[in-house]
>>> print(open('upload-v4.tsv').read())   # TSV, C-alpha atoms
chain	number	residue	atom	x	y	z
A	1	MET	CA	-41.30	-14.84	-32.85
A	2	LEU	CA	-43.86	-12.05	-32.49
A	3	ARG	CA	-46.52	-14.46	-31.23
A	4	LEU	CA	-44.12	-15.91	-28.72
A	5	LEU	CA	-43.35	-12.47	-27.41
A	6	ILE	CA	-47.02	-11.60	-27.08
A	7	ILE	CA	-47.79	-14.84	-25.27
A	8	SER	CA	-44.90	-14.49	-22.88
A	9	SER	CA	-45.74	-10.88	-22.13
A	10	LEU	CA	-49.34	-11.94	-21.49
A	11	ILE	CA	-48.13	-14.56	-19.05
A	12	PHE	CA	-45.94	-11.95	-17.42
A	13	VAL	CA	-48.81	-9.50	-17.05
A	14	CYS	CA	-50.99	-12.24	-15.55
A	15	MET	CA	-48.30	-13.19	-13.07
A	16	ALA	CA	-47.67	-9.60	-12.13
A	17	TYR	CA	-51.40	-9.19	-11.58
A	18	LEU	CA	-51.83	-12.42	-9.61
A	19	GLN	CA	-48.84	-11.99	-7.38
A	20	PRO	CA	-49.98	-9.21	-5.06
A	21	SER	CA	-53.66	-10.14	-5.25
A	22	HIS	CA	-53.47	-12.13	-2.02
A	23	ALA	CA	-51.49	-9.45	-0.27
A	24	HIS	CA	-54.09	-6.94	0.82
A	25	ASP	CA	-56.97	-8.42	2.76
A	26	GLY	CA	-58.37	-5.09	3.88
A	27	ASN	CA	-56.06	-4.57	6.87
A	28	PRO	CA	-53.23	-2.13	6.69
A	29	HIS	CA	-50.16	-4.31	7.19
A	30	ILE	CA	-47.60	-1.63	7.73
A	31	SER	CA	-47.62	1.89	9.09
A	32	PRO	CA	-48.37	3.96	6.01
A	33	GLY	CA	-46.22	6.69	4.55
A	34	LYS	CA	-42.98	5.95	6.32
A	35	SER	CA	-41.07	3.02	4.91
A	36	LYS	CA	-40.00	1.62	1.58
A	37	ALA	CA	-42.30	-1.35	2.25
A	38	ASP	CA	-45.22	1.04	2.36
A	39	SER	CA	-44.86	1.83	-1.32
A	40	GLN	CA	-44.72	-1.86	-2.26
A	41	GLU	CA	-47.40	-4.45	-2.71
A	42	ALA	CA	-45.86	-7.58	-1.30
A	43	CYS	CA	-43.34	-8.91	1.15
A	44	VAL	CA	-40.63	-11.42	0.25
A	45	GLU	CA	-43.18	-14.21	0.76
A	46	PRO	CA	-46.99	-14.06	0.79
A	47	THR	CA	-48.12	-11.84	3.65
A	48	ASP	CA	-50.12	-14.47	5.52
A	49	ILE	CA	-47.10	-16.75	5.53
A	50	MET	CA	-44.75	-13.95	6.58
A	51	ARG	CA	-47.04	-13.10	9.45
A	52	LYS	CA	-46.85	-16.57	10.93
A	53	GLU	CA	-43.49	-17.83	9.81
A	54	HIS	CA	-41.13	-14.91	9.31
A	55	TYR	CA	-38.91	-16.13	12.10
A	56	LEU	CA	-38.48	-19.56	10.53
A	57	PHE	CA	-37.11	-17.92	7.40
A	58	LEU	CA	-34.84	-15.75	9.52
A	59	LEU	CA	-33.51	-18.59	11.65
A	60	HIS	CA	-32.86	-20.72	8.58
A	61	GLN	CA	-31.10	-17.89	6.77
A	62	ARG	CA	-29.04	-17.18	9.86
A	63	ASP	CA	-27.38	-20.59	9.76
A	64	GLU	CA	-27.10	-20.69	6.00
A	65	THR	CA	-25.27	-17.38	6.01
A	66	VAL	CA	-22.97	-17.88	8.96
A	67	ILE	CA	-22.05	-21.53	8.33
A	68	ASN	CA	-22.38	-21.87	4.57
A	69	GLY	CA	-21.71	-18.34	3.37
A	70	ILE	CA	-25.00	-18.01	1.52
A	71	ARG	CA	-25.72	-14.30	1.02
A	72	THR	CA	-29.06	-14.18	-0.78
A	73	LYS	CA	-31.14	-11.13	0.04
A	74	ASN	CA	-34.65	-12.52	0.26
A	75	HIS	CA	-34.64	-13.83	3.84
A	76	SER	CA	-31.76	-11.74	5.08
A	77	LEU	CA	-32.37	-9.79	8.26
A	78	ALA	CA	-30.45	-6.80	6.94
A	79	ASN	CA	-32.80	-6.80	3.97
A	80	CYS	CA	-35.99	-6.85	6.09
A	81	ILE	CA	-34.66	-3.77	7.82
A	82	ASP	CA	-33.76	-1.97	4.60
A	83	CYS	CA	-37.33	-2.32	3.37
A	84	HIS	CA	-39.37	-2.11	6.58
A	85	VAL	CA	-37.53	0.62	8.48
A	86	SER	CA	-39.34	3.95	8.78
A	87	TYR	CA	-37.80	7.37	8.25
A	88	ASP	CA	-38.49	10.62	10.02
A	89	GLU	CA	-39.13	13.88	8.19
A	90	LYS	CA	-35.39	14.54	7.93
A	91	GLY	CA	-34.88	11.22	6.13
A	92	LYS	CA	-33.17	9.68	9.14
A	93	ALA	CA	-33.96	6.05	9.84
A	94	ILE	CA	-35.83	5.23	13.07
A	95	PRO	CA	-34.52	2.04	14.71
A	96	ILE	CA	-36.87	-0.76	13.64
A	97	ASN	CA	-37.03	-2.11	17.19
A	98	ALA	CA	-37.94	1.24	18.75
A	99	GLU	CA	-41.32	1.66	20.37
A	100	GLY	CA	-44.12	1.62	17.82
A	101	GLN	CA	-41.83	0.52	14.99
A	102	PHE	CA	-42.41	-2.41	12.69
A	103	CYS	CA	-40.64	-5.29	14.45
A	104	GLN	CA	-41.33	-3.99	17.94
A	105	ASP	CA	-44.97	-2.96	17.74
A	106	CYS	CA	-46.24	-6.34	16.71
A	107	HIS	CA	-44.01	-8.23	19.13
A	108	VAL	CA	-45.32	-6.17	22.02
A	109	LYS	CA	-48.87	-6.98	20.98
A	110	THR	CA	-48.05	-10.67	20.68
A	111	ALA	CA	-45.87	-10.85	23.81
A	112	THR	CA	-42.78	-11.90	21.88
A	113	ASN	CA	-39.28	-10.96	22.88
A	114	ILE	CA	-36.39	-10.99	20.45
A	115	THR	CA	-32.74	-10.31	21.22
A	116	CYS	CA	-31.55	-10.03	17.65
A	117	PHE	CA	-31.09	-6.28	17.84
A	118	SER	CA	-28.63	-6.45	20.70
A	119	CYS	CA	-26.18	-7.39	17.95
A	120	HIS	CA	-27.82	-6.59	14.65
A	121	ALA	CA	-28.06	-2.97	13.56
A	122	ALA	CA	-31.70	-1.86	13.75
A	123	GLU	CA	-31.20	0.79	11.09
A	124	PRO	CA	-30.03	0.23	7.55
A	125	ARG	CA	-26.25	0.33	7.21
A	126	TYR	CA	-25.79	2.13	10.47
A	127	PRO	CA	-23.84	4.23	11.22
A	128	ASN	CA	-22.21	4.95	7.87
A	129	HIS	CA	-25.56	5.40	6.29
A	130	GLU	CA	-24.76	7.99	3.62
A	131	LYS	CA	-21.43	6.47	2.78
A	132	THR	CA	-22.53	2.95	1.95
A	133	ILE	CA	-26.04	3.35	0.67
A	134	SER	CA	-26.54	3.43	-3.09
A	135	LYS	CA	-27.63	6.62	-4.86
A	136	ASP	CA	-30.94	5.07	-5.91
A	137	GLU	CA	-31.75	4.04	-2.38
A	138	LEU	CA	-30.86	7.48	-1.10
A	139	LYS	CA	-33.22	9.00	-3.66
A	140	GLU	CA	-35.96	6.65	-2.56
A	141	ILE	CA	-35.46	7.62	1.07
A	142	SER	CA	-35.56	11.34	0.35
A	143	LYS	CA	-38.81	10.73	-1.54
A	144	ILE	CA	-40.28	9.04	1.53
A	145	ALA	CA	-39.08	11.89	3.71
A	146	LYS	CA	-40.68	14.44	1.40
A	147	ARG	CA	-43.96	12.54	1.41
A	148	ILE	CA	-44.08	12.47	5.20
A	149	LYS	CA	-43.37	16.20	5.35
A	150	ASP	CA	-46.11	16.97	2.84
A	151	GLU	CA	-48.73	15.03	4.78
B	1	MET	CA	-45.38	-4.00	-39.50
B	2	ASN	CA	-41.90	-4.15	-40.82
B	3	ASN	CA	-40.95	-1.26	-38.61
B	4	ARG	CA	-42.39	-2.89	-35.60
B	5	ARG	CA	-40.61	-6.14	-36.23
B	6	HIS	CA	-37.45	-4.15	-36.60
B	7	PHE	CA	-38.06	-2.54	-33.26
B	8	LEU	CA	-38.76	-5.88	-31.61
B	9	VAL	CA	-35.63	-7.43	-33.01
B	10	LYS	CA	-33.62	-4.46	-31.89
B	11	SER	CA	-35.00	-4.47	-28.40
B	12	ALA	CA	-34.57	-8.23	-28.20
B	13	SER	CA	-30.91	-7.88	-29.07
B	14	ALA	CA	-30.57	-5.05	-26.58
B	15	LEU	CA	-32.02	-7.41	-24.00
B	16	THR	CA	-29.56	-10.16	-24.84
B	17	MET	CA	-26.77	-7.62	-24.61
B	18	THR	CA	-27.71	-6.67	-21.10
B	19	PHE	CA	-28.01	-10.28	-20.05
B	20	ILE	CA	-25.03	-11.79	-21.79
B	21	VAL	CA	-22.46	-9.08	-21.28
B	22	PRO	CA	-22.47	-9.10	-17.47
B	23	SER	CA	-22.29	-12.89	-17.40
B	24	LEU	CA	-19.25	-12.76	-19.66
B	25	LEU	CA	-17.65	-10.22	-17.40
B	26	SER	CA	-18.25	-12.14	-14.24
B	27	SER	CA	-16.88	-15.37	-15.68
B	28	ASN	CA	-13.67	-13.49	-16.42
B	29	ALA	CA	-13.42	-12.33	-12.83
B	30	GLN	CA	-12.05	-15.67	-11.61
B	31	ALA	CA	-15.15	-17.64	-10.66
B	32	LYS	CA	-16.81	-15.60	-7.95
B	33	LYS	CA	-19.08	-17.65	-5.75
B	34	PRO	CA	-22.73	-16.91	-6.59
B	35	LEU	CA	-24.54	-15.45	-3.56
B	36	ASP	CA	-26.97	-18.37	-3.39
B	37	GLN	CA	-24.34	-21.07	-3.28
B	38	LYS	CA	-22.49	-22.58	-0.37
B	39	VAL	CA	-18.82	-21.89	0.12
B	40	THR	CA	-16.59	-24.72	-1.02
B	41	ASP	CA	-13.07	-25.87	-0.21
B	42	LYS	CA	-11.93	-24.81	-3.68
B	43	LYS	CA	-10.46	-21.74	-2.04
B	44	SER	CA	-8.45	-21.43	1.11
B	45	TRP	CA	-7.97	-17.90	2.35
B	46	GLY	CA	-4.66	-16.89	3.86
B	47	MET	CA	-2.36	-14.00	4.48
B	48	HIS	CA	1.29	-13.12	4.18
B	49	ILE	CA	2.84	-10.42	6.35
B	50	ASP	CA	6.25	-9.02	5.49
B	51	VAL	CA	7.38	-7.77	8.86
B	52	ASP	CA	10.21	-5.70	7.37
B	53	LYS	CA	7.64	-3.57	5.56
B	54	CYS	CA	5.47	-3.01	8.62
B	55	ALA	CA	6.16	0.50	9.89
B	56	ASP	CA	6.54	1.34	13.57
B	57	GLY	CA	3.76	3.70	14.61
B	58	CYS	CA	1.53	2.94	11.62
B	59	THR	CA	-1.92	1.70	12.61
B	60	ALA	CA	-3.60	1.78	9.19
B	61	CYS	CA	-4.62	-1.89	9.36
B	62	VAL	CA	-6.02	-1.59	12.86
B	63	ASP	CA	-7.96	1.56	12.06
B	64	ALA	CA	-9.39	0.04	8.89
B	65	CYS	CA	-10.48	-3.10	10.75
B	66	ASN	CA	-12.15	-1.05	13.46
B	67	GLU	CA	-13.96	0.98	10.84
B	68	GLU	CA	-15.03	-2.02	8.76
B	69	ASN	CA	-16.39	-3.93	11.73
B	70	GLY	CA	-17.63	-1.00	13.78
B	71	LEU	CA	-15.29	-1.76	16.67
B	72	THR	CA	-15.56	1.17	19.01
B	73	GLY	CA	-13.70	1.18	22.29
B	74	PHE	CA	-14.76	2.25	25.74
B	75	GLY	CA	-11.36	3.64	26.61
B	76	ARG	CA	-10.52	0.38	28.38
B	77	PRO	CA	-7.54	-1.09	26.52
B	78	GLU	CA	-7.54	-4.21	28.72
B	79	THR	CA	-10.94	-5.32	27.51
B	80	ASP	CA	-11.81	-3.34	24.38
B	81	SER	CA	-12.20	-5.58	21.35
B	82	GLN	CA	-9.25	-5.97	19.03
B	83	TRP	CA	-9.49	-8.10	15.94
B	84	ILE	CA	-6.08	-6.99	14.76
B	85	ARG	CA	-3.44	-5.29	16.88
B	86	LYS	CA	0.11	-4.10	16.48
B	87	ILE	CA	2.75	-5.80	18.59
B	88	LYS	CA	6.41	-5.02	19.09
B	89	ILE	CA	9.04	-7.70	19.65
B	90	LYS	CA	12.75	-7.47	20.42
B	91	ASP	CA	15.34	-10.04	19.44
B	92	LYS	CA	17.38	-10.67	22.57
B	93	THR	CA	20.64	-11.33	20.74
B	94	THR	CA	20.58	-8.68	18.01
B	95	GLU	CA	18.33	-6.19	19.85
B	96	LYS	CA	16.45	-5.75	16.61
B	97	ILE	CA	12.97	-4.34	17.24
B	98	THR	CA	10.18	-5.52	15.01
B	99	THR	CA	6.58	-4.34	14.81
B	100	MET	CA	3.90	-6.42	13.21
B	101	PRO	CA	0.16	-6.94	13.09
B	102	MET	CA	-1.26	-9.82	15.11
B	103	LEU	CA	-4.66	-11.27	14.29
B	104	CYS	CA	-6.49	-14.59	14.19
B	105	GLN	CA	-4.06	-16.92	12.46
B	106	HIS	CA	-6.83	-19.05	10.96
B	107	CYS	CA	-5.27	-22.36	11.96
B	108	GLU	CA	-5.86	-25.54	10.04
B	109	ASN	CA	-6.01	-27.22	13.48
B	110	PRO	CA	-7.62	-24.49	15.57
B	111	PRO	CA	-7.41	-25.03	19.34
B	112	CYS	CA	-10.34	-22.63	19.85
B	113	CYS	CA	-12.61	-25.02	17.99
B	114	ASP	CA	-11.27	-28.01	19.93
B	115	VAL	CA	-12.31	-26.54	23.25
B	116	CYS	CA	-15.61	-24.89	22.27
B	117	PRO	CA	-18.45	-26.63	24.11
B	118	THR	CA	-21.19	-25.57	21.69
B	119	GLY	CA	-19.49	-25.73	18.32
B	120	ALA	CA	-19.80	-21.98	17.99
B	121	SER	CA	-16.09	-21.72	17.21
B	122	PHE	CA	-15.77	-23.35	13.86
B	123	LYS	CA	-13.70	-23.50	10.73
B	124	ARG	CA	-15.58	-22.73	7.55
B	125	VAL	CA	-14.81	-25.04	4.62
B	126	ASP	CA	-12.73	-22.31	3.00
B	127	GLY	CA	-10.50	-22.17	6.05
B	128	ILE	CA	-11.87	-19.11	7.84
B	129	VAL	CA	-11.98	-19.69	11.59
B	130	MET	CA	-14.83	-17.79	13.19
B	131	VAL	CA	-17.40	-17.54	15.94
B	132	ASN	CA	-21.03	-18.33	15.25
B	133	GLN	CA	-22.40	-15.73	17.62
B	134	HIS	CA	-25.84	-17.30	17.49
B	135	THR	CA	-24.53	-20.32	19.40
B	136	CYS	CA	-21.69	-18.71	21.41
B	137	ILE	CA	-22.44	-18.79	25.13
B	138	GLY	CA	-19.56	-16.53	26.09
B	139	CYS	CA	-17.64	-19.09	28.16
B	140	ARG	CA	-14.31	-17.85	26.76
B	141	TYR	CA	-12.58	-21.24	26.70
B	142	CYS	CA	-11.47	-20.36	23.17
B	143	MET	CA	-9.74	-17.23	24.43
B	144	MET	CA	-7.76	-19.32	26.87
B	145	ALA	CA	-6.88	-21.89	24.22
B	146	CYS	CA	-5.65	-19.42	21.61
B	147	PRO	CA	-1.83	-19.09	21.77
B	148	PHE	CA	-2.01	-15.78	19.91
B	149	LYS	CA	-4.50	-13.94	22.11
B	150	ALA	CA	-6.43	-13.28	18.94
B	151	ARG	CA	-9.91	-13.21	20.42
B	152	SER	CA	-11.89	-10.60	22.33
B	153	PHE	CA	-14.94	-10.76	24.52
B	154	VAL	CA	-17.61	-8.09	24.37
B	155	HIS	CA	-18.15	-6.85	27.92
B	156	GLU	CA	-20.49	-3.98	27.28
B	157	THR	CA	-23.86	-3.34	25.72
B	158	LEU	CA	-23.29	-2.07	22.19
B	159	THR	CA	-25.48	0.29	20.24
B	160	THR	CA	-23.61	1.40	17.14
B	161	GLN	CA	-22.96	-1.79	15.24
B	162	ASN	CA	-22.47	-1.84	11.49
B	163	THR	CA	-25.03	-3.71	9.45
B	164	ASN	CA	-22.31	-5.89	7.94
B	165	ALA	CA	-20.84	-6.79	11.33
B	166	PRO	CA	-23.40	-7.67	13.99
B	167	ARG	CA	-21.81	-8.08	17.42
B	168	GLY	CA	-22.95	-7.85	20.99
B	169	LYS	CA	-22.41	-8.28	24.67
B	170	GLY	CA	-21.63	-11.72	26.00
B	171	CYS	CA	-20.03	-13.14	22.88
B	172	VAL	CA	-16.48	-13.80	21.80
B	173	GLU	CA	-15.36	-12.35	18.51
B	174	SER	CA	-12.28	-12.20	16.31
B	175	CYS	CA	-11.00	-11.55	12.81
B	176	ASN	CA	-13.12	-13.35	10.21
B	177	LEU	CA	-11.05	-12.23	7.22
B	178	CYS	CA	-13.84	-9.82	6.27
B	179	VAL	CA	-16.03	-12.81	5.47
B	180	ASN	CA	-18.97	-10.65	4.43
B	181	LYS	CA	-16.85	-8.84	1.83
B	182	ILE	CA	-15.36	-12.10	0.59
B	183	ASP	CA	-18.75	-13.75	0.21
B	184	HIS	CA	-19.75	-10.76	-1.91
B	185	GLY	CA	-16.83	-11.38	-4.24
B	186	SER	CA	-14.07	-9.23	-2.77
B	187	ASP	CA	-10.56	-10.66	-2.73
B	188	THR	CA	-9.16	-8.20	-0.26
B	189	THR	CA	-9.65	-7.47	3.42
B	190	ALA	CA	-9.98	-4.06	5.04
B	191	CYS	CA	-6.51	-4.39	6.62
B	192	GLU	CA	-4.75	-5.41	3.40
B	193	ASP	CA	-6.46	-2.61	1.55
B	194	ALA	CA	-5.39	-0.07	4.15
B	195	CYS	CA	-1.82	-1.39	4.26
B	196	ILE	CA	-1.52	-1.03	0.49
B	197	LYS	CA	-3.03	2.48	0.60
B	198	SER	CA	-0.59	3.49	3.33
B	199	GLY	CA	2.20	2.58	0.91
B	200	HIS	CA	3.72	-0.15	3.09
B	201	ASN	CA	2.41	-3.26	1.35
B	202	ALA	CA	3.23	-5.46	4.33
B	203	ILE	CA	-0.04	-7.39	4.25
B	204	THR	CA	-0.99	-9.59	1.32
B	205	PHE	CA	-4.24	-11.54	1.34
B	206	GLY	CA	-5.61	-14.13	-1.04
B	207	ASP	CA	-6.38	-17.68	-2.04
B	208	LEU	CA	-3.65	-20.09	-0.96
B	209	LYS	CA	-4.90	-22.74	-3.37
B	210	ASP	CA	-4.41	-20.51	-6.42
B	211	SER	CA	-0.75	-20.69	-7.38
B	212	ASN	CA	-1.03	-17.34	-9.19
B	213	SER	CA	-2.70	-15.44	-6.37
B	214	LYS	CA	-0.88	-12.46	-4.91
B	215	VAL	CA	-0.58	-14.14	-1.55
B	216	ARG	CA	1.00	-17.24	-3.07
B	217	LEU	CA	3.44	-15.10	-5.04
B	218	ALA	CA	4.36	-13.29	-1.82
B	219	ILE	CA	4.82	-16.56	0.06
B	220	ASP	CA	6.76	-18.25	-2.73
B	221	SER	CA	9.14	-15.31	-3.21
B	222	ASN	CA	9.91	-14.98	0.50
B	223	SER	CA	10.56	-17.74	2.97
B	224	PRO	CA	7.93	-17.01	5.56
B	225	ARG	CA	7.23	-18.97	8.70
B	226	ARG	CA	4.32	-19.63	10.95
B	227	LEU	CA	4.46	-18.32	14.50
B	228	ARG	CA	5.03	-21.06	17.07
B	229	ASP	CA	5.41	-23.66	14.37
B	230	ASP	CA	6.17	-26.18	17.13
B	231	LEU	CA	2.48	-26.27	18.04
B	232	ASN	CA	1.65	-27.72	14.63
B	233	LEU	CA	-1.49	-25.60	14.24
B	234	LYS	CA	-0.80	-24.99	10.54
B	235	GLN	CA	-1.89	-21.37	10.53
B	236	LYS	CA	-2.84	-19.63	7.29
B	237	VAL	CA	-1.18	-16.39	8.29
B	238	PHE	CA	2.51	-16.38	7.36
B	239	TYR	CA	5.21	-13.98	8.55
B	240	SER	CA	8.42	-13.12	6.66
B	241	ASN	CA	11.65	-11.57	7.93
B	242	ILE	CA	10.95	-12.33	11.53
>>> encode(input="upload-v4.tsv", output="structure tokens")
Amino acid sequence: MLRLLIISSLIFVCMAYLQPSHAHDGNPHISPGKSKADSQEACVEPTDIMRKEHYLFLLHQRDETVINGIRTKNHSLANCIDCHVSYDEKGKAIPINAEGQFCQDCHVKTATNITCFSCHAAEPRYPNHEKTISKDELKEISKIAKRIKDE
Amino acid sequence: MNNRRHFLVKSASALTMTFIVPSLLSSNAQAKKPLDQKVTDKKSWGMHIDVDKCADGCTACVDACNEENGLTGFGRPETDSQWIRKIKIKDKTTEKITTMPMLCQHCENPPCCDVCPTGASFKRVDGIVMVNQHTCIGCRYCMMACPFKARSFVHETLTTQNTNAPRGKGCVESCNLCVNKIDHGSDTTACEDACIKSGHNAITFGDLKDSNSKVRLAIDSNSPRRLRDDLNLKQKVFYSNI
């Protein structure tokens, strides 16, 4: 029993170590200090894959959700926003498609146009932000806000 | 050593507690669909509306729907989106005035889907009739085909959408029985919830295939009818005392 536990925890530690090891290749992937993603090591898929194929995941999820009612979080657009959106020093979310923000900045550089945000909220749980967000998430956001202020 | 083993056993049982207990609870809660699984035809969502209980002047259901789906108007009642609206009808012989909510009737044979050129209007396997806004081209044939005027077209650029209800200019939209809530395990809609809270209890929502569901009890204990039954659309919204 004890040995089993030790072995499985070893495997777990190895996996936890291996998982983000391909994530950082020296480049900063996200604007530092402003979003939940900034305090995390990895995206929902390996970063190099996300970079090239994020839209394939999104387009697939789009049909799976609307037609088949699948509501997993991993490739959900709402979930990308929850994690990648930046906050200002008051803890208010900045629309993710605004100039210089995560989804917009890179698309401008790569001459890509997306229309998703003409319908999809570009801020998490807008506009009833405080009402629907969980306490833990709110805490996390105020932490981010504090960090930005302190810098 | 002994102590440590004790600790491990204890923490192991604490672990099993946290894993087993929630799974027991959720199996009690009448087989919620796991988030990663497709909807099935095991359920068929429907609604019963007792018109006698619907109060003149009350707009609780409409307000709740607008709030849930972030429907904000532009002060243009002719074109502002309405997923549910209150209508007033008068019986010509008895002069009896009735008010009732009107919304997408979620037909078994939906004319909106028949006429849609892109397949954007579709009926989900659990009976919810909705618009796939990703493929809607805004032609509005469905609006013409619907005998209940249940659909709206978004004429203006929108900026304050709710995360749970994306919507935008150039697409048709209508009641989707709070599909996002339902997929997350809810068995009520915003309008039903509001109607119950307002004390009127006119709207009852639920699974038509479950003979013990509240909506089936409401239907079985009244003798409701479908609006314009002659069209044979087999709607899943039933009206009593009309």
>>> residues_around(input="upload-v4.tsv", residues="Gly168 of chain B", least_positions_apart="4", cutoff="6 Å", atoms="all atoms listed in the file", output="PyMOL selection string")
(chain A and resi 118-119) or (chain B and resi 158)
>>> write_last_selection(input="upload-v4.tsv", atoms="C-alpha atoms", output="tab-separated table (two decimals), keeping the file's coordinate frame")
chain	number	residue	atom	x	y	z
A	118	SER	CA	-28.63	-6.45	20.70
A	119	CYS	CA	-26.18	-7.39	17.95
B	158	LEU	CA	-23.29	-2.07	22.19
>>> closest_atom_pairs(input="upload-v4.tsv", of="chain A", to="chain B", cutoff="9 Å", atoms="only C-alpha atoms", output="Markdown table")
| residue | atom | partner | partner_atom | distance |
| --- | --- | --- | --- | --- |
| A:Leu2 | CA | B:Arg5 | CA | 7.7 |
| A:Arg62 | CA | B:His134 | CA | 8.3 |
| A:Asp63 | CA | B:His134 | CA | 8.5 |
| A:Glu64 | CA | B:Lys38 | CA | 8.1 |
| A:Thr65 | CA | B:Lys38 | CA | 8.7 |
| A:Val66 | CA | B:Asn132 | CA | 6.6 |
| A:Ile67 | CA | B:Arg124 | CA | 6.6 |
| A:Asn68 | CA | B:Lys38 | CA | 5.0 |
| A:Gly69 | CA | B:Val39 | CA | 5.6 |
| A:Ile70 | CA | B:Asp36 | CA | 5.3 |
| A:Arg71 | CA | B:Leu35 | CA | 4.9 |
| A:Thr72 | CA | B:Asp36 | CA | 5.4 |
| A:Lys73 | CA | B:Leu35 | CA | 8.7 |
| A:Ala78 | CA | B:Thr163 | CA | 6.7 |
| A:Phe117 | CA | B:Pro166 | CA | 8.7 |
| A:Ser118 | CA | B:Gly168 | CA | 5.9 |
| A:Cys119 | CA | B:Arg167 | CA | 4.5 |
| A:His120 | CA | B:Pro166 | CA | 4.6 |
| A:Ala121 | CA | B:Thr163 | CA | 5.2 |
| A:Ala122 | CA | B:Thr163 | CA | 8.1 |
| A:Glu123 | CA | B:Thr163 | CA | 7.8 |
| A:Pro124 | CA | B:Thr163 | CA | 6.6 |
| A:Arg125 | CA | B:Thr163 | CA | 4.8 |
| A:Tyr126 | CA | B:Asn162 | CA | 5.3 |
| A:Pro127 | CA | B:Asn162 | CA | 6.2 |
| A:Asn128 | CA | B:Asn162 | CA | 7.7 |
>>> closest_residue(input="upload-v4.tsv", among="A:Gln61, A:Thr110, A:Ser142, A:Gln104", to="Lys36 of chain A", atoms="all atoms listed in the file")
A:Ser142
>>> axis_aligned_box(input="upload-v4.tsv", around="segment 193-211 of chain B", padding_each_side="6 Å", output="JSON")
{"center_x": -1.4, "center_y": -9.6, "center_z": -1.5, "size_x": 22.2, "size_y": 38.2, "size_z": 23.7}
>>> atom_distance(input="upload-v4.tsv", atom1="atom CA of Pro110 of chain B", atom2="atom CA of Phe238 of chain B")
15.4 Å
>>> residues_near_point(input="upload-v4.tsv", point="(2.2, -22.5, 8.3)", cutoff="10 Å", atoms="all atoms listed in the file", output="list in words")
Gly46, Gln105, Cys107, Glu108, Pro224, Arg225, Arg226, Leu227, Arg228, Asp229, Asn232, Leu233, Lys234, Gln235, Lys236, Val237, Phe238 and Tyr239 of chain B
>>> atom_distance(input="upload-v4.tsv", atom1="atom CA of Cys139 of chain B", atom2="atom CA of Val115 of chain B")
10.4 Å
>>> decode(input="upload-v4.tsv", residues="segment 66-77 of chain A", atoms="N, CA and C atoms", output="tab-separated table (two decimals), in the first residue's frame")
chain	number	residue	atom	x	y	z
A	66	VAL	N	-22.95	24.12	-29.54
A	66	VAL	CA	-24.24	24.61	-30.00
A	66	VAL	C	-25.13	23.44	-30.46
A	67	ILE	N	-24.55	22.49	-31.19
A	67	ILE	CA	-25.37	21.42	-31.76
A	67	ILE	C	-25.55	20.26	-30.79
A	68	ASN	N	-24.47	19.90	-30.09
A	68	ASN	CA	-24.54	18.71	-29.25
A	68	ASN	C	-24.62	18.97	-27.76
A	69	GLY	N	-24.58	20.24	-27.38
A	69	GLY	CA	-24.74	20.56	-25.95
A	69	GLY	C	-23.55	20.19	-25.08
A	70	ILE	N	-22.38	20.01	-25.70
A	70	ILE	CA	-21.20	19.69	-24.89
A	70	ILE	C	-20.67	20.97	-24.25
A	71	ARG	N	-20.45	20.94	-22.97
A	71	ARG	CA	-20.11	22.17	-22.23
A	71	ARG	C	-18.80	22.04	-21.48
A	72	THR	N	-17.84	21.29	-22.02
A	72	THR	CA	-16.54	21.18	-21.36
A	72	THR	C	-15.86	22.54	-21.39
A	73	LYS	N	-14.95	22.76	-20.42
A	73	LYS	CA	-14.35	24.09	-20.31
A	73	LYS	C	-13.11	24.26	-21.18
A	74	ASN	N	-12.37	23.19	-21.38
A	74	ASN	CA	-11.03	23.29	-21.95
A	74	ASN	C	-10.92	24.14	-23.22
A	75	HIS	N	-11.76	23.90	-24.21
A	75	HIS	CA	-11.67	24.64	-25.46
A	75	HIS	C	-12.78	25.67	-25.61
A	76	SER	N	-13.39	26.00	-24.50
A	76	SER	CA	-14.51	26.95	-24.55
A	76	SER	C	-13.98	28.39	-24.67
A	77	LEU	N	-14.60	29.14	-25.53
A	77	LEU	CA	-14.19	30.53	-25.74
A	77	LEU	C	-14.33	31.34	-24.45
